[in-house]
Amino acid sequence: MPELPEVEILVRHLAPLLPGRRIRAVQVGRPRVCRPDPPDRLVEALTGATFRSVTRRGKYLVFSLVRRRRAFQVLGHLGMTGRMWLERSAGPLPRHLAAALDLGRERFVFEDVRFFGRLSLDLSPVEALGPEPLDPAWDGAALAARLGRSTRPIKVCLLDQAIVAGVGNIYASEALHRARIAPTRPAGRLRHAEHAALAAAIREVLAEAVAGGSTVPLDHRAGTDGLYYYGRAAEAGADYGERLAVYDREGAPCLTCGRSIRRSVQAGRSTFHCPRCQR
DNA sequence: CACCATGTTCCTTG
DNA sequence: CCAAGGAACATGGT
């Protein structure tokens with residue numbers, strides 16, 4: 001579930017919980033998540049460190065910590081299936097453990113079924129990111145500037161994190177539908193009005209997802225099993241699906257015009273669009 | 001068994 | 001040199 005909105009919701013959840021917590025021990029479940037660093041380096045850096053803050057950049061989580069008076073940062077990414085949460089230090093760790101940080105009474109758990117995610121000292125991926133779409137200064141002109149005269153399909157460009165940070169496969173299709181732009185349009189040939197409409201649509205779609213996700217309680221219940229969860233609760237799943245106008249709705253009627261939603265493949269990934277609304 | 005999956009990166013081909 | 005396409009990564013769901 002991780003595109004910008006999901007990461008933003010996670011960061012808002014963790015931001016008030018992590019600062020001040022000291023890491024007593026680090027367990028790396030899969031060395032791969034530390035790439036390109038050797039696991040030992042991450043373990044050494046984190047052991048004894050104290051969390052200062054957590055922020056988001058694109059789909060990345062940026063953890064700021066201090067150890068022996070020295071400040072440093074760690075980059076987190078959820079990949080396709082990653083989840084992070086804080087829980088009481090008891091009971092078994094998840095089967096697909098990427099990493100776990102012992103905070104004393106509680107622990108920070110990073111689970112990732114497919115292990116595409118990351119927790120590393122290498123901050124370089126963040127430097128390659130394009131602008132933040134939720135930044136008020138980001139607009140159609142900023143989008144146009146990054147698109148340049150590219151002949152790539154606009155949908156493919158939206159997945160390029162150097163053009164705009166945080167848009168993934170779901171919201172790329174959603175934003176194009178809202179802006180009424182066909183996903184196959186060469187990016188460099190959009191008109192000014194379309195750049196503006198698309199930038200606005202991207203911002204709206206992402207902001208609504210953050211707002212919608214936030215209204216779904218993050219489930220901090222320490223009730224039954226003493227866990228602090230991150231992730232949509234079962235009941236939130238329905239709401240989540242209902243908010244999507246085209247993604248994963250192949251054959252279903254367009255919510256705007258009724259025409260059947262079409263699925264295609266671009267750059268190896270599914271694209272969904274309405275052939276009538278988007279041309 | 002086949003195909004699909006919210007992401008990123010590397011390699012090959014044109 | 002750049003763009004585009006495909007494969008790889010690893011695992012699970014349908």
# chains A, B, ... in the order shown; residues from 1 in each chain; ligands from 1
$ closest_atom_pairs --of "chain B" --to "chain A" --cutoff "10 Å" --atoms "only C-alpha atoms (C1' of nucleotides)" --output "Markdown table"
| residue | atom | partner | partner_atom | distance |
| --- | --- | --- | --- | --- |
| B:DC4 | C1' | A:Ser270 | CA | 9.8 |
| B:DA5 | C1' | A:Met80 | CA | 8.4 |
| B:DT6 | C1' | A:Met1 | CA | 4.3 |
| B:DG7 | C1' | A:Gly79 | CA | 5.1 |
| B:DT8 | C1' | A:Gly79 | CA | 8.0 |
$ interface_residues --of "chain C" --to "chain A" --cutoff "10 Å" --atoms "only C-alpha atoms (C1' of nucleotides)" --output "PDB file with C-alpha atoms (C1' of nucleotides), in the first residue's frame"
ATOM      1  C1'  DA C   3      15.166   6.495 -24.373  1.00  0.00           C
ATOM      2  C1'  DA C   4      12.610   2.342 -23.948  1.00  0.00           C
ATOM      3  C1'  DG C   5      11.920  -2.281 -22.587  1.00  0.00           C
ATOM      4  C1'  DG C   6      12.751  -6.139 -19.795  1.00  0.00           C
ATOM      5  C1'  DC C   9      14.644  -8.705  -6.542  1.00  0.00           C
ATOM      6  C1'  DA C  10      11.077 -12.319  -3.221  1.00  0.00           C
ATOM      7  C1'  DT C  11       6.767 -13.819  -1.820  1.00  0.00           C
ATOM      8  C1'  DG C  12       1.963 -14.508  -1.757  1.00  0.00           C
TER       9       DG C  12
END
$ select_by_dssp --residues "region 41-76 of chain A" --states "strand (DSSP E)" --output "PyMOL selection string"
chain A and resi 50-57+60-67+70-76
$ select_by_dssp --residues "region 30-197 of chain A" --states "helix (DSSP H, G or I)" --output "number ranges by chain"
A: 31-34, 39-46, 124-127, 140-147, 154-158, 169-178, 187-189, 192-197
$ write_last_selection --atoms "C-alpha atoms" --output "PDB file, in the first residue's frame"
ATOM      1  CA  PRO A  31      20.533  -8.160   5.256  1.00  0.00           C
ATOM      2  CA  ARG A  32      19.117  -7.051   1.913  1.00  0.00           C
ATOM      3  CA  VAL A  33      17.038  -4.284   3.534  1.00  0.00           C
ATOM      4  CA  CYS A  34      20.211  -2.464   4.572  1.00  0.00           C
ATOM      5  CA  PRO A  39      24.079  -4.918   7.900  1.00  0.00           C
ATOM      6  CA  ASP A  40      26.778  -4.546  10.534  1.00  0.00           C
ATOM      7  CA  ARG A  41      27.202  -0.899   9.704  1.00  0.00           C
ATOM      8  CA  LEU A  42      23.546  -0.151  10.253  1.00  0.00           C
ATOM      9  CA  VAL A  43      23.503  -2.150  13.478  1.00  0.00           C
ATOM     10  CA  GLU A  44      26.533  -0.297  14.765  1.00  0.00           C
ATOM     11  CA  ALA A  45      25.140   3.094  13.826  1.00  0.00           C
ATOM     12  CA  LEU A  46      21.734   2.486  15.383  1.00  0.00           C
ATOM     13  CA  SER A 124      21.418   9.331  -1.873  1.00  0.00           C
ATOM     14  CA  PRO A 125      18.045   8.194  -3.235  1.00  0.00           C
ATOM     15  CA  VAL A 126      16.438  11.244  -1.666  1.00  0.00           C
ATOM     16  CA  GLU A 127      18.733  13.611  -3.509  1.00  0.00           C
ATOM     17  CA  GLY A 140       1.594  23.061 -13.500  1.00  0.00           C
ATOM     18  CA  ALA A 141       4.617  25.095 -14.502  1.00  0.00           C
ATOM     19  CA  ALA A 142       6.859  23.126 -12.163  1.00  0.00           C
ATOM     20  CA  LEU A 143       5.516  19.893 -13.582  1.00  0.00           C
ATOM     21  CA  ALA A 144       5.958  21.132 -17.157  1.00  0.00           C
ATOM     22  CA  ALA A 145       9.540  22.136 -16.440  1.00  0.00           C
ATOM     23  CA  ARG A 146      10.434  18.611 -15.357  1.00  0.00           C
ATOM     24  CA  LEU A 147       8.563  16.955 -18.203  1.00  0.00           C
ATOM     25  CA  ILE A 154       2.662  10.916 -19.425  1.00  0.00           C
ATOM     26  CA  LYS A 155       1.651   7.985 -17.225  1.00  0.00           C
ATOM     27  CA  VAL A 156       5.195   6.627 -17.343  1.00  0.00           C
ATOM     28  CA  CYS A 157       6.576  10.067 -16.467  1.00  0.00           C
ATOM     29  CA  LEU A 158       4.372  10.297 -13.394  1.00  0.00           C
ATOM     30  CA  ASN A 169       0.992   3.263  -9.954  1.00  0.00           C
ATOM     31  CA  ILE A 170      -2.387   3.740  -8.296  1.00  0.00           C
ATOM     32  CA  TYR A 171      -2.433   7.511  -8.050  1.00  0.00           C
ATOM     33  CA  ALA A 172      -0.847   8.023 -11.469  1.00  0.00           C
ATOM     34  CA  SER A 173      -3.931   6.473 -13.082  1.00  0.00           C
ATOM     35  CA  GLU A 174      -6.263   8.251 -10.684  1.00  0.00           C
ATOM     36  CA  ALA A 175      -4.761  11.680 -11.317  1.00  0.00           C
ATOM     37  CA  LEU A 176      -4.838  11.304 -15.094  1.00  0.00           C
ATOM     38  CA  HIS A 177      -8.486  10.328 -14.954  1.00  0.00           C
ATOM     39  CA  ARG A 178      -9.325  13.311 -12.808  1.00  0.00           C
ATOM     40  CA  ALA A 187       4.465  14.083 -21.863  1.00  0.00           C
ATOM     41  CA  GLY A 188       6.179  16.888 -23.723  1.00  0.00           C
ATOM     42  CA  ARG A 189       3.099  17.675 -25.745  1.00  0.00           C
ATOM     43  CA  HIS A 192      -0.359  24.608 -20.403  1.00  0.00           C
ATOM     44  CA  ALA A 193      -3.930  24.109 -19.268  1.00  0.00           C
ATOM     45  CA  GLU A 194      -3.323  20.380 -19.075  1.00  0.00           C
ATOM     46  CA  HIS A 195      -0.190  20.787 -16.981  1.00  0.00           C
ATOM     47  CA  ALA A 196      -2.189  22.882 -14.565  1.00  0.00           C
ATOM     48  CA  ALA A 197      -5.088  20.443 -14.488  1.00  0.00           C
TER      49      ALA A 197
END
$ atom_distance --atom1 "CA of Leu101 (chain A)" --atom2 "CA of His13 (chain A)"
17.0 Å
$ atom_distance --atom1 "CA of Val164 (chain A)" --atom2 "CA of Pro133 (chain A)"
6.4 Å
$ atom_distance --atom1 "CA of Ala201 (chain A)" --atom2 "CA of Leu255 (chain A)"
16.1 Å
$ residues_around --residues "Leu65 (chain A)" --least-positions-apart "5" --cutoff "12 Å" --atoms "only C-alpha atoms (C1' of nucleotides)" --output "PyMOL selection string"
chain A and resi 18-23+45-55+70-75+121
$ write_last_selection --atoms "N, CA, C and O atoms" --output "mmCIF file, in the first residue's frame"
data_model
loop_
_atom_site.group_PDB
_atom_site.id
_atom_site.type_symbol
_atom_site.label_atom_id
_atom_site.label_comp_id
_atom_site.auth_asym_id
_atom_site.auth_seq_id
_atom_site.Cartn_x
_atom_site.Cartn_y
_atom_site.Cartn_z
ATOM 1 N N LEU A 18 8.175 8.272 18.261
ATOM 2 C CA LEU A 18 9.590 7.901 18.252
ATOM 3 C C LEU A 18 10.568 8.843 18.957
ATOM 4 O O LEU A 18 11.509 8.366 19.610
ATOM 5 N N PRO A 19 10.406 10.161 18.838
ATOM 6 C CA PRO A 19 11.408 11.058 19.422
ATOM 7 C C PRO A 19 11.675 10.762 20.901
ATOM 8 O O PRO A 19 10.737 10.588 21.688
ATOM 9 N N GLY A 20 12.962 10.688 21.224
ATOM 10 C CA GLY A 20 13.336 10.424 22.609
ATOM 11 C C GLY A 20 13.577 8.956 22.909
ATOM 12 O O GLY A 20 14.191 8.615 23.911
ATOM 13 N N ARG A 21 13.115 8.093 22.024
ATOM 14 C CA ARG A 21 13.307 6.664 22.285
ATOM 15 C C ARG A 21 14.728 6.246 21.943
ATOM 16 O O ARG A 21 15.269 6.629 20.908
ATOM 17 N N ARG A 22 15.301 5.435 22.817
ATOM 18 C CA ARG A 22 16.683 4.985 22.613
ATOM 19 C C ARG A 22 16.718 3.532 22.169
ATOM 20 O O ARG A 22 16.020 2.689 22.736
ATOM 21 N N ILE A 23 17.521 3.280 21.169
ATOM 22 C CA ILE A 23 17.628 1.933 20.608
ATOM 23 C C ILE A 23 18.642 1.114 21.390
ATOM 24 O O ILE A 23 19.827 1.446 21.431
ATOM 25 N N ALA A 45 25.578 1.699 13.801
ATOM 26 C CA ALA A 45 25.140 3.094 13.826
ATOM 27 C C ALA A 45 23.908 3.285 14.711
ATOM 28 O O ALA A 45 23.800 4.276 15.429
ATOM 29 N N LEU A 46 22.997 2.325 14.660
ATOM 30 C CA LEU A 46 21.734 2.486 15.383
ATOM 31 C C LEU A 46 21.790 2.098 16.858
ATOM 32 O O LEU A 46 21.073 2.659 17.679
ATOM 33 N N THR A 47 22.638 1.136 17.182
ATOM 34 C CA THR A 47 22.685 0.683 18.561
ATOM 35 C C THR A 47 23.156 1.806 19.493
ATOM 36 O O THR A 47 24.245 2.342 19.326
ATOM 37 N N GLY A 48 22.319 2.134 20.445
ATOM 38 C CA GLY A 48 22.645 3.206 21.380
ATOM 39 C C GLY A 48 22.187 4.572 20.917
ATOM 40 O O GLY A 48 22.325 5.562 21.630
ATOM 41 N N ALA A 49 21.627 4.640 19.726
ATOM 42 C CA ALA A 49 21.164 5.926 19.196
ATOM 43 C C ALA A 49 19.765 6.255 19.720
ATOM 44 O O ALA A 49 19.020 5.374 20.143
ATOM 45 N N THR A 50 19.447 7.561 19.653
ATOM 46 C CA THR A 50 18.132 8.021 20.109
ATOM 47 C C THR A 50 17.419 8.724 18.964
ATOM 48 O O THR A 50 18.011 9.552 18.270
ATOM 49 N N PHE A 51 16.145 8.393 18.804
ATOM 50 C CA PHE A 51 15.359 9.033 17.750
ATOM 51 C C PHE A 51 15.130 10.503 18.060
ATOM 52 O O PHE A 51 14.842 10.878 19.196
ATOM 53 N N ARG A 52 15.257 11.334 17.025
ATOM 54 C CA ARG A 52 14.957 12.747 17.173
ATOM 55 C C ARG A 52 13.681 13.131 16.424
ATOM 56 O O ARG A 52 12.859 13.890 16.915
ATOM 57 N N SER A 53 13.543 12.607 15.207
ATOM 58 C CA SER A 53 12.352 12.942 14.420
ATOM 59 C C SER A 53 12.185 11.982 13.243
ATOM 60 O O SER A 53 13.079 11.209 12.932
ATOM 61 N N VAL A 54 11.039 12.051 12.635
ATOM 62 C CA VAL A 54 10.754 11.276 11.427
ATOM 63 C C VAL A 54 10.021 12.192 10.470
ATOM 64 O O VAL A 54 9.064 12.863 10.866
ATOM 65 N N THR A 55 10.479 12.220 9.229
ATOM 66 C CA THR A 55 9.786 13.024 8.227
ATOM 67 C C THR A 55 9.639 12.178 6.964
ATOM 68 O O THR A 55 10.171 11.073 6.877
ATOM 69 N N ARG A 70 26.496 12.732 18.031
ATOM 70 C CA ARG A 70 26.590 12.907 16.584
ATOM 71 C C ARG A 70 25.244 12.617 15.929
ATOM 72 O O ARG A 70 24.649 11.573 16.157
ATOM 73 N N ALA A 71 24.789 13.595 15.133
ATOM 74 C CA ALA A 71 23.503 13.435 14.459
ATOM 75 C C ALA A 71 23.684 12.696 13.131
ATOM 76 O O ALA A 71 24.682 12.884 12.442
ATOM 77 N N PHE A 72 22.731 11.862 12.818
ATOM 78 C CA PHE A 72 22.775 11.167 11.523
ATOM 79 C C PHE A 72 21.358 10.799 11.122
ATOM 80 O O PHE A 72 20.426 10.946 11.901
ATOM 81 N N GLN A 73 21.230 10.352 9.888
ATOM 82 C CA GLN A 73 19.915 10.005 9.387
ATOM 83 C C GLN A 73 19.886 8.609 8.790
ATOM 84 O O GLN A 73 20.901 8.101 8.319
ATOM 85 N N VAL A 74 18.727 8.023 8.843
ATOM 86 C CA VAL A 74 18.522 6.704 8.261
ATOM 87 C C VAL A 74 17.321 6.802 7.338
ATOM 88 O O VAL A 74 16.322 7.454 7.664
ATOM 89 N N LEU A 75 17.457 6.169 6.176
ATOM 90 C CA LEU A 75 16.390 6.219 5.196
ATOM 91 C C LEU A 75 15.553 4.946 5.232
ATOM 92 O O LEU A 75 16.089 3.845 5.284
ATOM 93 N N LEU A 121 21.659 3.584 5.652
ATOM 94 C CA LEU A 121 22.355 4.833 5.943
ATOM 95 C C LEU A 121 22.607 5.632 4.680
ATOM 96 O O LEU A 121 23.107 6.752 4.726
#
$ residues_around --residues "DA8 (chain C)" --least-positions-apart "6" --cutoff "10 Å" --atoms "only C-alpha atoms (C1' of nucleotides)" --output "PDB file with C-alpha atoms (C1' of nucleotides), in the first residue's frame"
ATOM      1  C1'  DT B   9      17.438  -0.508 -10.053  1.00  0.00           C
ATOM      2  C1'  DC B  10      20.273  -2.505 -13.378  1.00  0.00           C
ATOM      3  C1'  DC B  11      21.214  -4.183 -17.961  1.00  0.00           C
TER       4       DC B  11
END
